[in-house]
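Visitor: Handing over work27.cif, mmCIF, C-alpha atoms.
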```cif
data_structure
#
loop_
_atom_site.label_atom_id
_atom_site.label_comp_id
_atom_site.auth_asym_id
_atom_site.auth_seq_id
_atom_site.Cartn_x
_atom_site.Cartn_y
_atom_site.Cartn_z
CA MET A 26 97.90 100.97 130.74
CA ASN A 27 94.93 98.64 131.23
CA SER A 28 94.11 100.58 134.41
CA ARG A 29 97.59 100.27 135.91
CA VAL A 30 100.23 102.98 136.03
CA HIS A 31 103.71 102.11 134.80
CA THR A 32 106.91 104.08 135.05
CA LEU A 33 109.39 103.30 132.30
CA GLU A 34 112.67 104.46 130.87
CA VAL A 35 112.25 104.79 127.13
CA ASN A 36 113.41 106.76 124.14
CA PRO A 37 110.63 109.24 123.21
CA CYS A 38 110.50 108.03 119.61
CA ASP A 39 110.32 104.34 120.50
CA ARG A 40 107.21 102.85 119.00
CA LEU A 41 104.42 102.36 121.53
CA LEU A 42 104.06 98.87 120.02
CA ASP A 43 107.60 97.91 121.02
CA VAL A 44 107.28 99.33 124.52
CA LEU A 45 104.08 97.30 125.02
CA ARG A 46 105.51 94.06 123.74
CA VAL A 47 109.10 94.25 124.99
CA GLN A 48 109.20 96.36 128.13
CA LEU A 49 105.70 95.66 129.41
CA LYS A 50 105.65 92.11 128.06
CA LEU A 51 102.11 92.63 126.77
CA THR A 52 102.49 90.57 123.65
CA GLY A 53 98.78 90.46 122.83
CA THR A 54 99.30 93.47 120.53
CA LYS A 55 100.75 92.17 117.27
CA GLU A 56 102.81 93.80 114.53
CA GLY A 57 101.56 93.64 110.94
CA PHE A 58 103.07 95.99 108.36
CA GLY A 59 104.66 98.35 110.90
CA GLU A 60 103.68 101.39 108.80
CA GLY A 61 100.27 102.39 110.13
CA GLU A 62 98.55 100.71 107.19
CA CYS A 63 96.94 97.48 108.41
CA GLY A 64 95.61 98.08 111.93
CA THR A 65 97.00 94.82 113.35
CA CYS A 66 98.75 96.73 116.13
CA THR A 67 95.65 98.73 117.12
CA VAL A 68 95.30 99.76 120.76
CA LEU A 69 92.93 102.28 122.32
CA LEU A 70 94.65 105.52 123.31
CA ASP A 71 92.35 107.66 125.45
CA GLY A 72 89.50 105.55 124.10
CA GLN A 73 90.41 106.03 120.41
CA PRO A 74 91.82 103.30 118.18
CA VAL A 75 95.35 104.10 117.01
CA ASN A 76 98.11 102.18 115.23
CA SER A 77 100.65 101.63 117.99
CA CYS A 78 103.43 101.06 115.44
CA ILE A 79 103.38 104.76 114.58
CA VAL A 80 102.67 106.29 117.96
CA PRO A 81 105.86 107.54 119.64
CA VAL A 82 105.73 106.29 123.21
CA ALA A 83 106.33 109.84 124.51
CA GLN A 84 102.85 110.77 123.24
CA ALA A 85 101.28 107.96 125.28
CA MET A 86 102.88 109.09 128.55
CA LYS A 87 100.24 110.12 131.09
CA HIS A 88 97.50 108.87 128.76
CA ASP A 89 95.22 105.84 128.99
CA VAL A 90 96.16 102.87 126.87
CA LEU A 91 93.93 99.81 126.53
CA THR A 92 95.42 96.71 124.95
CA ILE A 93 93.71 93.38 124.24
CA GLU A 94 94.87 92.10 127.61
CA GLY A 95 92.68 94.73 129.22
CA LEU A 96 89.52 93.84 127.34
CA PRO A 97 88.20 90.86 129.32
CA LYS A 98 86.74 91.63 132.74
CA GLN A 99 88.16 89.31 135.44
CA SER A 100 88.06 86.01 133.56
CA CYS A 101 85.06 86.82 131.38
CA LEU A 102 85.57 87.51 127.72
CA HIS A 103 84.14 90.70 126.29
CA PRO A 104 80.92 90.10 124.29
CA ILE A 105 82.84 90.92 121.12
CA GLN A 106 85.32 88.16 121.88
CA GLU A 107 82.49 85.69 122.69
CA ASN A 108 80.84 86.47 119.38
CA LEU A 109 84.04 86.29 117.35
CA LEU A 110 84.47 82.78 118.73
CA LYS A 111 80.85 81.87 118.08
CA PHE A 112 80.85 83.13 114.48
CA GLY A 113 84.28 81.81 113.49
CA GLY A 114 85.66 85.32 113.18
CA SER A 115 89.23 84.24 113.96
CA GLN A 116 91.46 81.91 111.95
CA CYS A 117 95.16 82.63 112.37
CA GLY A 118 94.26 85.22 114.99
CA ILE A 119 96.79 87.90 114.22
CA CYS A 120 94.25 90.60 113.29
CA ILE A 121 91.93 89.71 116.14
CA PRO A 122 93.36 91.75 119.03
CA GLY A 123 93.13 94.92 116.92
CA ILE A 124 89.69 94.04 115.59
CA SER A 125 88.40 93.17 119.07
CA LEU A 126 89.40 96.56 120.43
CA VAL A 127 87.90 98.51 117.52
CA ALA A 128 84.71 96.45 117.70
CA ALA A 129 84.47 96.87 121.49
CA ASN A 130 84.74 100.60 120.87
CA ILE A 131 81.86 100.44 118.36
CA MET A 132 79.71 98.85 121.09
CA LYS A 133 80.57 101.68 123.42
CA GLN A 134 80.42 104.68 121.07
CA GLU A 135 78.07 103.67 118.26
CA PRO A 136 75.90 100.89 119.66
CA ASN A 137 73.32 101.41 116.92
CA ALA A 138 75.85 101.18 114.08
CA SER A 139 74.51 99.71 110.87
CA ARG A 140 76.31 96.88 109.10
CA GLU A 141 77.65 99.40 106.60
CA ARG A 142 78.95 101.60 109.40
CA ILE A 143 80.57 98.59 111.12
CA ARG A 144 82.38 97.79 107.89
CA THR A 145 83.54 101.40 107.47
CA ILE A 146 84.89 101.54 111.03
CA LEU A 147 86.64 98.19 110.65
CA ALA A 148 88.14 99.19 107.29
CA GLY A 149 91.34 100.12 109.08
CA ASN A 150 91.89 96.52 110.21
CA LEU A 151 92.98 94.09 107.52
CA CYS A 152 92.37 90.37 107.75
CA ARG A 153 93.97 87.90 105.35
CA CYS A 154 92.08 84.80 106.47
CA THR A 155 88.38 85.23 107.02
CA GLY A 156 87.11 87.41 104.19
CA TYR A 157 85.56 89.64 106.88
CA GLN A 158 81.97 88.30 106.72
CA SER A 159 82.22 86.25 109.91
CA ILE A 160 83.84 89.17 111.69
CA VAL A 161 81.10 91.61 110.66
CA ASN A 162 78.44 89.03 111.57
CA ALA A 163 80.02 88.69 115.01
CA VAL A 164 80.07 92.43 115.62
CA GLU A 165 76.51 92.84 114.40
CA ALA A 166 75.35 90.05 116.71
CA ALA A 167 77.18 91.58 119.66
CA LEU A 168 75.44 94.90 119.04
CA GLN A 169 72.06 93.20 118.82
CA ASP A 170 72.62 91.09 121.94
CA ARG A 171 73.81 93.91 124.17
CA GLU A 172 71.92 94.91 127.27
CA PRO A 173 69.70 97.88 126.46
CA ALA A 174 70.88 101.08 128.16
CA SER A 175 69.25 101.48 131.58
CA PRO A 176 66.57 104.20 131.75
CA MET B 21 118.70 109.61 123.22
CA THR B 22 116.16 111.89 121.57
CA ILE B 23 115.28 114.88 123.72
CA TYR B 24 111.55 115.36 124.31
CA LEU B 25 110.04 118.84 124.60
CA ARG B 26 106.41 119.70 125.30
CA PRO B 27 105.60 123.43 125.58
CA SER B 28 103.17 124.72 128.17
CA SER B 29 102.30 127.93 126.32
CA PHE B 30 102.20 129.37 122.83
CA SER B 31 105.19 131.65 123.44
CA GLU B 32 107.15 128.78 124.96
CA ALA B 33 106.46 126.71 121.84
CA LEU B 34 107.88 129.48 119.65
CA GLN B 35 110.91 129.84 121.91
CA MET B 36 111.55 126.10 121.87
CA ARG B 37 111.34 126.12 118.09
CA ALA B 38 113.78 129.02 117.85
CA ASP B 39 116.19 127.41 120.33
CA HIS B 40 116.11 124.00 118.63
CA PRO B 41 115.66 124.31 114.87
CA ASP B 42 117.21 120.84 114.56
CA PHE B 43 114.42 119.22 116.58
CA THR B 44 111.59 117.57 114.68
CA VAL B 45 108.15 119.07 115.18
CA PHE B 46 105.62 116.32 115.83
CA ALA B 47 101.88 116.50 115.65
CA GLY B 48 100.45 112.98 115.21
CA GLY B 49 103.62 111.76 113.55
CA THR B 50 101.82 109.44 111.14
CA ASP B 51 104.34 110.25 108.40
CA LEU B 52 107.36 110.96 110.62
CA MET B 53 107.14 107.59 112.36
CA ASN B 54 107.59 105.90 108.99
CA ARG B 55 111.19 107.05 108.66
CA PRO B 56 113.63 104.28 107.81
CA THR B 57 114.85 102.64 111.01
CA ASP B 58 118.51 102.75 110.02
CA HIS B 59 118.53 106.55 110.20
CA ALA B 60 120.22 108.17 113.18
CA PRO B 61 117.88 108.86 116.12
CA LEU B 62 116.26 112.28 116.03
CA ALA B 63 118.03 115.03 117.95
CA GLY B 64 114.77 116.01 119.55
CA MET B 65 111.01 115.89 119.41
CA LEU B 66 108.94 119.06 119.84
CA ASP B 67 105.55 117.55 120.65
CA LEU B 68 102.56 119.62 119.58
CA PHE B 69 99.95 116.84 119.39
CA ALA B 70 96.71 118.06 121.03
CA PHE B 71 98.52 121.26 122.03
CA ALA B 72 95.67 123.59 122.98
CA PRO B 73 96.72 126.80 121.16
CA PHE B 74 96.95 124.80 117.92
CA VAL B 75 93.73 122.83 118.19
CA GLY B 76 90.15 123.73 117.37
CA ILE B 77 87.89 125.01 114.65
CA SER B 78 86.14 128.38 114.87
CA LYS B 79 84.35 130.87 112.69
CA GLN B 80 85.66 134.41 112.80
CA GLY B 81 83.68 136.73 110.57
CA ASN B 82 83.82 135.25 107.12
CA TRP B 83 86.73 132.92 107.91
CA ILE B 84 86.87 129.42 109.31
CA GLN B 85 90.08 128.90 111.23
CA ILE B 86 91.36 125.37 111.82
CA GLY B 87 94.21 124.88 114.29
CA ALA B 88 97.20 123.12 112.75
CA ALA B 89 97.10 120.31 115.33
CA THR B 90 93.41 119.58 114.68
CA THR B 91 93.09 115.93 113.75
CA CYS B 92 91.27 114.62 110.69
CA TYR B 93 88.83 112.94 113.08
CA GLU B 94 88.05 116.32 114.69
CA ILE B 95 87.62 117.87 111.24
CA VAL B 96 85.14 115.14 110.24
CA GLN B 97 83.12 115.61 113.45
CA HIS B 98 82.92 119.40 113.50
CA PRO B 99 79.60 121.01 112.49
CA LEU B 100 81.31 124.06 110.92
CA VAL B 101 83.12 121.75 108.53
CA SER B 102 80.08 119.69 107.61
CA THR B 103 78.05 122.85 107.10
CA HIS B 104 80.50 124.97 105.13
CA LEU B 105 83.34 122.72 103.89
CA PRO B 106 81.84 119.35 102.94
CA CYS B 107 84.70 118.57 100.55
CA LEU B 108 87.18 118.93 103.43
CA ARG B 109 85.03 116.71 105.64
CA TYR B 110 84.90 114.03 102.96
CA ALA B 111 88.65 114.22 102.33
CA ALA B 112 89.49 114.04 106.05
CA SER B 113 87.32 110.93 106.37
CA GLN B 114 89.23 109.27 103.53
CA VAL B 115 92.79 110.24 104.52
CA GLY B 116 93.13 106.81 106.04
CA SER B 117 91.61 104.51 108.61
CA LEU B 118 90.01 105.81 111.80
CA GLN B 119 93.28 104.93 113.51
CA ILE B 120 95.05 107.37 111.18
CA GLN B 121 92.31 110.00 111.42
CA ALA B 122 92.76 109.98 115.20
CA ARG B 123 96.39 111.07 114.85
CA GLY B 124 96.83 112.72 111.44
CA THR B 125 96.46 116.49 111.54
CA ILE B 126 95.85 119.19 108.95
CA GLY B 127 99.10 120.93 109.98
CA GLY B 128 100.97 117.68 109.54
CA ASN B 129 99.50 117.22 106.08
CA VAL B 130 100.59 120.78 105.18
CA ALA B 131 104.08 120.53 106.69
CA THR B 132 104.86 117.11 105.21
CA SER B 133 103.73 118.48 101.86
CA SER B 134 103.59 115.11 100.20
CA PRO B 135 102.29 115.11 96.62
CA LEU B 136 99.73 112.63 97.98
CA GLY B 137 98.53 114.85 100.84
CA ASP B 138 94.77 114.37 100.74
CA LEU B 139 93.80 117.75 102.17
CA LEU B 140 96.22 119.83 100.14
CA PRO B 141 94.44 120.24 96.79
CA ILE B 142 91.40 121.45 98.78
CA LEU B 143 93.49 124.17 100.45
CA LEU B 144 94.67 125.24 97.02
CA VAL B 145 91.16 125.37 95.57
CA LEU B 146 89.62 127.15 98.56
CA ASN B 147 92.42 129.77 98.52
CA ALA B 148 93.41 128.86 102.06
CA GLN B 149 95.73 131.06 104.11
CA LEU B 150 98.29 129.67 106.53
CA VAL B 151 99.02 131.35 109.84
CA LEU B 152 102.71 130.92 110.61
CA ALA B 153 104.48 132.08 113.75
CA SER B 154 107.98 132.36 115.15
CA SER B 155 109.56 134.26 118.01
CA ARG B 156 110.08 137.02 115.42
CA GLY B 157 106.35 137.43 114.92
CA GLU B 158 103.38 136.09 113.01
CA ARG B 159 102.66 136.11 109.28
CA GLN B 160 100.01 134.83 106.93
CA LEU B 161 100.80 133.16 103.65
CA PRO B 162 98.44 131.99 100.92
CA TYR B 163 98.69 128.21 100.66
CA CYS B 164 99.49 128.51 96.94
CA ASP B 165 102.74 130.27 97.90
CA PHE B 166 103.61 127.81 100.66
CA CYS B 167 104.22 124.64 98.71
CA THR B 168 107.36 125.19 96.64
CA GLY B 169 108.07 121.75 95.23
CA TYR B 170 108.35 118.06 96.09
CA ARG B 171 108.02 117.90 99.90
CA SER B 172 109.44 121.42 100.16
CA THR B 173 107.76 124.45 101.66
CA ALA B 174 108.32 128.10 102.47
CA LEU B 175 108.36 127.35 106.22
CA GLN B 176 111.35 128.98 107.92
CA PRO B 177 113.42 126.79 110.30
CA ASP B 178 112.22 128.73 113.35
CA GLU B 179 108.55 128.81 112.31
CA LEU B 180 105.54 126.76 113.32
CA ILE B 181 102.30 126.36 111.39
CA VAL B 182 99.63 127.67 113.74
CA ALA B 183 96.42 127.41 111.73
CA VAL B 184 94.77 127.11 108.34
CA LYS B 185 92.19 129.73 107.41
CA VAL B 186 89.53 129.32 104.75
CA SER B 187 86.94 131.90 103.77
CA VAL B 188 83.39 130.66 104.16
CA PRO B 189 82.00 129.69 100.76
CA PRO B 190 78.53 130.99 99.86
CA ASP B 191 75.73 128.53 100.62
CA HIS B 192 75.07 127.84 96.95
CA ALA B 193 78.71 126.97 96.13
CA ILE B 194 79.26 123.50 94.73
CA GLN B 195 82.07 121.43 96.22
CA PHE B 196 83.35 118.22 94.67
CA TRP B 197 86.09 115.92 95.92
CA ARG B 198 86.99 112.49 94.71
CA LYS B 199 89.96 110.29 95.46
CA VAL B 200 90.92 107.13 93.66
CA GLY B 201 93.28 105.06 95.74
CA THR B 202 94.39 101.55 96.36
CA ARG B 203 91.05 100.62 97.92
CA ARG B 204 87.48 101.88 97.77
CA ILE B 205 88.06 103.82 100.98
CA HIS B 206 91.10 104.91 102.95
CA GLY B 207 93.84 103.88 100.55
CA THR B 208 96.90 105.81 99.43
CA SER B 209 95.89 108.24 96.70
CA LYS B 210 96.62 107.58 93.06
CA VAL B 211 94.59 110.58 91.87
CA MET B 212 92.58 113.28 93.65
CA VAL B 213 90.34 115.91 92.11
CA VAL B 214 88.77 118.84 93.93
CA GLY B 215 86.21 121.03 92.25
CA TYR B 216 84.68 124.28 93.47
CA ALA B 217 82.15 126.32 91.55
CA GLU B 218 79.51 129.00 91.83
CA LYS B 219 76.95 129.25 89.09
CA ASN B 220 73.80 130.99 88.05
CA HIS B 221 71.68 128.61 85.92
CA ASN B 222 74.08 127.67 83.10
CA GLU B 223 76.55 130.46 83.73
CA VAL B 224 79.52 129.43 85.83
CA THR B 225 80.75 132.50 87.70
CA VAL B 226 83.55 130.87 89.68
CA ALA B 227 85.38 127.64 88.88
CA ARG B 228 88.45 126.16 90.54
CA VAL B 229 89.82 122.72 89.80
CA GLY B 230 92.60 121.20 91.90
CA LEU B 231 94.43 117.93 91.46
CA GLY B 232 96.60 115.87 93.77
CA ALA B 233 98.92 112.92 93.28
CA VAL B 234 99.51 113.79 89.62
CA ALA B 235 102.45 116.17 90.06
CA ASN B 236 105.13 116.83 92.67
CA ARG B 237 102.64 119.02 94.55
CA PRO B 238 98.94 119.87 94.31
CA ILE B 239 98.09 121.83 91.17
CA ARG B 240 95.24 123.80 89.68
CA LEU B 241 94.04 123.39 86.10
CA THR B 242 93.59 127.04 85.26
CA ASN B 243 92.71 126.39 81.62
CA VAL B 244 89.85 124.06 82.63
CA GLU B 245 88.72 126.75 85.06
CA GLN B 246 88.82 129.29 82.25
CA LEU B 247 86.90 126.92 79.96
CA LEU B 248 84.10 126.63 82.51
CA VAL B 249 83.67 130.34 83.24
CA SER B 250 83.99 131.48 79.64
CA ASN B 251 81.34 129.26 78.12
CA PRO B 252 77.75 128.31 78.86
CA LEU B 253 77.51 125.15 80.92
CA GLU B 254 76.34 122.35 78.65
CA HIS B 255 77.06 118.69 78.05
CA SER B 256 79.87 119.27 75.54
CA GLN B 257 81.86 120.96 78.32
CA ILE B 258 82.35 117.58 79.96
CA ILE B 259 84.22 116.22 76.96
CA LYS B 260 86.23 119.42 76.51
CA ALA B 261 87.22 119.50 80.17
CA ARG B 262 88.28 115.84 80.01
CA GLN B 263 90.38 116.41 76.91
CA MET B 264 92.02 119.49 78.35
CA THR B 265 92.92 117.54 81.48
CA LEU B 266 94.39 114.69 79.45
CA GLN B 267 96.52 117.12 77.47
CA ASN B 268 97.75 119.13 80.43
CA LEU B 269 98.90 116.49 82.88
CA SER B 270 102.30 114.81 83.08
CA PRO B 271 102.00 112.49 86.05
CA ILE B 272 104.69 109.96 86.86
CA SER B 273 104.60 106.19 86.91
CA ASP B 274 105.64 104.76 90.26
CA VAL B 275 105.01 101.76 92.51
CA ARG B 276 101.43 102.86 93.06
CA SER B 277 100.23 103.65 89.57
CA THR B 278 101.13 104.47 85.98
CA ALA B 279 101.19 107.86 84.28
CA HIS B 280 98.56 106.64 81.82
CA TYR B 281 96.16 105.53 84.55
CA ARG B 282 96.57 108.73 86.53
CA ARG B 283 96.00 110.91 83.48
CA LEU B 284 92.92 108.98 82.42
CA VAL B 285 91.35 108.79 85.87
CA ALA B 286 92.06 112.48 86.52
CA ALA B 287 90.32 113.36 83.26
CA ASN B 288 87.36 111.17 84.17
CA LEU B 289 87.07 112.79 87.60
CA VAL B 290 87.24 116.30 86.13
CA GLY B 291 84.49 115.21 83.75
CA SER B 292 82.47 113.97 86.75
CA PHE B 293 82.85 117.39 88.37
CA VAL B 294 81.50 119.15 85.29
CA ASP B 295 78.71 116.56 85.14
CA GLN B 296 77.82 117.40 88.72
CA LEU B 297 77.65 121.10 87.84
CA LEU B 298 75.13 120.26 85.14
CA LEU B 299 73.03 118.26 87.58
CA VAL B 300 72.84 120.96 90.24
CA ARG B 301 69.82 123.15 89.78
CA ASN B 302 69.53 126.73 90.93
#
```
Represent the structure from my file as structure tokens, please.

Guide:
Amino acid sequence: MNSRVHTLEVNPCDRLLDVLRVQLKLTGTKEGFGEGECGTCTVLLDGQPVNSCIVPVAQAMKHDVLTIEGLPKQSCLHPIQENLLKFGGSQCGICIPGISLVAANIMKQEPNASRERIRTILAGNLCRCTGYQSIVNAVEAALQDREPASP
Amino acid sequence: MTIYLRPSSFSEALQMRADHPDFTVFAGGTDLMNRPTDHAPLAGMLDLFAFAPFVGISKQGNWIQIGAATTCYEIVQHPLVSTHLPCLRYAASQVGSLQIQARGTIGGNVATSSPLGDLLPILLVLNAQLVLASSRGERQLPYCDFCTGYRSTALQPDELIVAVKVSVPPDHAIQFWRKVGTRRIHGTSKVMVVGYAEKNHNEVTVARVGLGAVANRPIRLTNVEQLLVSNPLEHSQIIKARQMTLQNLSPISDVRSTAHYRRLVAANLVGSFVDQLLLVRN
């Protein structure tokens, strides 16, 4: 969990979302619909975005989980977070932890993603406030600004 | 407290299933985790997510075998699927968001047997076989015999779904899949149409048409199939196929859609399939 190992007593079918927020007190991950439909609760499980509201915690045991709290390095925001701020990609903020993680993953796995591809990948994260344009602009800018891969 | 079991071998998985028929088999759990929270806790969880003997896609002779615990994401990524089963690739990419594709499995789709299961009409149309196993032995069952009604299947209480097998379509086969859902991509299905055909100029030699979300399980429109193979392929077939579809469907109205909308959209999609057949040259 964000590079630290935790030992917990849980019920196998407890939602990963609840274990994160209640037992681990990592409240950065938010609950939206609670049905695996909106992506608000997205975390990265072994580097893949998943809806933590429908992952039984037993299936996250001995696996790597990255939540929004693990995204900044020391006290520096991730470039995605910097750009979301710069482009006004966050209003109420509830979708932003999930979106930040998915977008950070785009930077890592598909750094040359087109705008269309960015939109397709982010389609699993609903936002009720922004109308998505500022979010997509922020992600696109982050991809363009990134350091080129070293030779 | 729910008991958690994770097998370390194929035979152990079968033994665990036989010993605990009351435990719930989990792959990704994307449907199971949506159970109402006021239900009693599950007696047990038999966890098969990413369980090696049930994962992977391979070609064996003229069959493509897909492990039951293979995720939709893995199906979308695999070259065998993009080469030979483009309709399955497309469907797996539209099952839901990437978050869902990372957890939802083909075996889960089959076992849940929801009328809205996005991969199911494809299995019907491609004449898929299921590989089922228990401590009593292994058997294969055509998918068309597996789904017996609304969310009910021929799976025995001590059985596990091991794999889905599909015979490799010829290179010139035409595959069509379209889903109309709540959003342009990834939504819950209101109507699905799968089309498969082989043709020689304007003679259709093989035609299979499958529909999802318009009945209590995936169905085939055998009279539309018959219409296509019994007559030369020409523009009037589009209208006839549409009309036949309209007449033969009795979908329900529910929170997601109305019977009228489903019938009309299904007919339009079947028409689009026939239109595509006309456009393909060979």

Visitor: Applied to this file, what does the PyMOL selection byres ((chain A) within 7 of (chain B)) return in terms of residues, put as a list in words?

Guide: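 With the PyMOL selection byres ((chain A) within 7 of (chain B)) on this model, the match is Asn36, Pro37, Glu60, Gln73, Pro74, Val75, Asn76, Ile79, Ile146, Ala148 and Gly149 of chain A.
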
Visitor: Would you kindly translate the PyMOL selection byres ((chain A and resi 107) around 12) into the concrete residues it picks from this file, as a PyMOL selection string?

Guide: chain A and resi 96-97+101-106+108-115+125+129+160+163-164+166-167+170

Visitor: Find the distance between atom CA of B:Leu144 and atom CA of B:Val75 and write it in Å to one decimal.

Guide: 21.3 Å

Visitor: Quick one: residues within 6 Å of A:Val90, only C-alpha atoms, excluding same-chain residues fewer than 2 positions away - as a list in words?

Guide: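 My list of contacting residues is Met26, Leu69 and Leu70 of chain A.
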
Visitor: Hey, can you check how far atom CA of B:Ala233 sits from atom CA of B:Ser209?

Guide: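 Computing it gives 6.5 Å between the two atoms.
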
Visitor: Step by step, work through what the PyMOL selection byres ((chain B and resi 224) around 8) selects in the shown file, and finish by giving those residues as a compact mmCIF listing (two decimals) with C-alpha atoms, in the frame of the given file.

Guide:
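Dumped everything to expr-v3.txt:
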```
# COMPACT_ATOMS: atom_id res chain seq x y z
CA ALA B 217 82.15 126.32 91.55
CA GLU B 218 79.51 129.00 91.83
CA LYS B 219 76.95 129.25 89.09
CA ASN B 220 73.80 130.99 88.05
CA HIS B 221 71.68 128.61 85.92
CA ASN B 222 74.08 127.67 83.10
CA GLU B 223 76.55 130.46 83.73
CA THR B 225 80.75 132.50 87.70
CA VAL B 226 83.55 130.87 89.68
CA ALA B 227 85.38 127.64 88.88
CA LEU B 248 84.10 126.63 82.51
CA VAL B 249 83.67 130.34 83.24
CA SER B 250 83.99 131.48 79.64
CA ASN B 251 81.34 129.26 78.12
CA PRO B 252 77.75 128.31 78.86
CA LEU B 253 77.51 125.15 80.92
```

Visitor: Nearest residue to A:Gly72 out of A:Arg153, A:Arg40, A:Arg29, A:His88, using only C-alpha atoms?

Guide: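 Selected residue with least distance to A:Gly72: A:His88.
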
Visitor: What does the distance from atom CA of B:Asp39 to atom CA of B:Leu175 come to in Å, to one decimal?

Guide: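 Pair atom CA of B:Asp39 / atom CA of B:Leu175 returns 16.1 Å.
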
Visitor: Pop stretch 112-125 of chain B out of the structure in the block and write N, CA and C atoms as a PDB file, in the first residue's frame.

Guide:
```pdb
ATOM      1  N   ALA B 112     -15.201  -7.042 -25.617  1.00  0.00           N
ATOM      2  CA  ALA B 112     -14.472  -6.994 -24.346  1.00  0.00           C
ATOM      3  C   ALA B 112     -14.037  -5.571 -24.014  1.00  0.00           C
ATOM      4  N   SER B 113     -13.771  -4.770 -25.052  1.00  0.00           N
ATOM      5  CA  SER B 113     -13.344  -3.383 -24.805  1.00  0.00           C
ATOM      6  C   SER B 113     -14.510  -2.487 -24.431  1.00  0.00           C
ATOM      7  N   GLN B 114     -15.734  -2.983 -24.642  1.00  0.00           N
ATOM      8  CA  GLN B 114     -16.922  -2.185 -24.355  1.00  0.00           C
ATOM      9  C   GLN B 114     -17.724  -2.715 -23.179  1.00  0.00           C
ATOM     10  N   VAL B 115     -17.256  -3.790 -22.550  1.00  0.00           N
ATOM     11  CA  VAL B 115     -17.949  -4.371 -21.395  1.00  0.00           C
ATOM     12  C   VAL B 115     -18.167  -3.305 -20.339  1.00  0.00           C
ATOM     13  N   GLY B 116     -17.171  -2.475 -20.171  1.00  0.00           N
ATOM     14  CA  GLY B 116     -17.236  -1.423 -19.169  1.00  0.00           C
ATOM     15  C   GLY B 116     -15.934  -0.668 -19.224  1.00  0.00           C
ATOM     16  N   SER B 117     -15.728   0.169 -18.217  1.00  0.00           N
ATOM     17  CA  SER B 117     -14.519   0.987 -18.165  1.00  0.00           C
ATOM     18  C   SER B 117     -13.275   0.099 -18.077  1.00  0.00           C
ATOM     19  N   LEU B 118     -12.105   0.718 -18.223  1.00  0.00           N
ATOM     20  CA  LEU B 118     -10.858  -0.019 -18.067  1.00  0.00           C
ATOM     21  C   LEU B 118     -10.761  -0.619 -16.665  1.00  0.00           C
ATOM     22  N   GLN B 119     -11.340   0.073 -15.694  1.00  0.00           N
ATOM     23  CA  GLN B 119     -11.331  -0.453 -14.326  1.00  0.00           C
ATOM     24  C   GLN B 119     -12.090  -1.777 -14.266  1.00  0.00           C
ATOM     25  N   ILE B 120     -13.191  -1.862 -15.015  1.00  0.00           N
ATOM     26  CA  ILE B 120     -13.978  -3.099 -15.052  1.00  0.00           C
ATOM     27  C   ILE B 120     -13.267  -4.154 -15.893  1.00  0.00           C
ATOM     28  N   GLN B 121     -12.693  -3.729 -17.030  1.00  0.00           N
ATOM     29  CA  GLN B 121     -11.992  -4.677 -17.892  1.00  0.00           C
ATOM     30  C   GLN B 121     -10.825  -5.349 -17.170  1.00  0.00           C
ATOM     31  N   ALA B 122     -10.249  -4.629 -16.202  1.00  0.00           N
ATOM     32  CA  ALA B 122      -9.108  -5.187 -15.467  1.00  0.00           C
ATOM     33  C   ALA B 122      -9.523  -6.326 -14.545  1.00  0.00           C
ATOM     34  N   ARG B 123     -10.795  -6.385 -14.192  1.00  0.00           N
ATOM     35  CA  ARG B 123     -11.271  -7.387 -13.229  1.00  0.00           C
ATOM     36  C   ARG B 123     -12.284  -8.357 -13.818  1.00  0.00           C
ATOM     37  N   GLY B 124     -13.123  -7.875 -14.743  1.00  0.00           N
ATOM     38  CA  GLY B 124     -14.163  -8.735 -15.319  1.00  0.00           C
ATOM     39  C   GLY B 124     -13.554  -9.805 -16.196  1.00  0.00           C
ATOM     40  N   THR B 125     -14.045 -11.028 -16.057  1.00  0.00           N
ATOM     41  CA  THR B 125     -13.478 -12.160 -16.796  1.00  0.00           C
ATOM     42  C   THR B 125     -14.539 -12.791 -17.697  1.00  0.00           C
TER      43      THR B 125
END
```
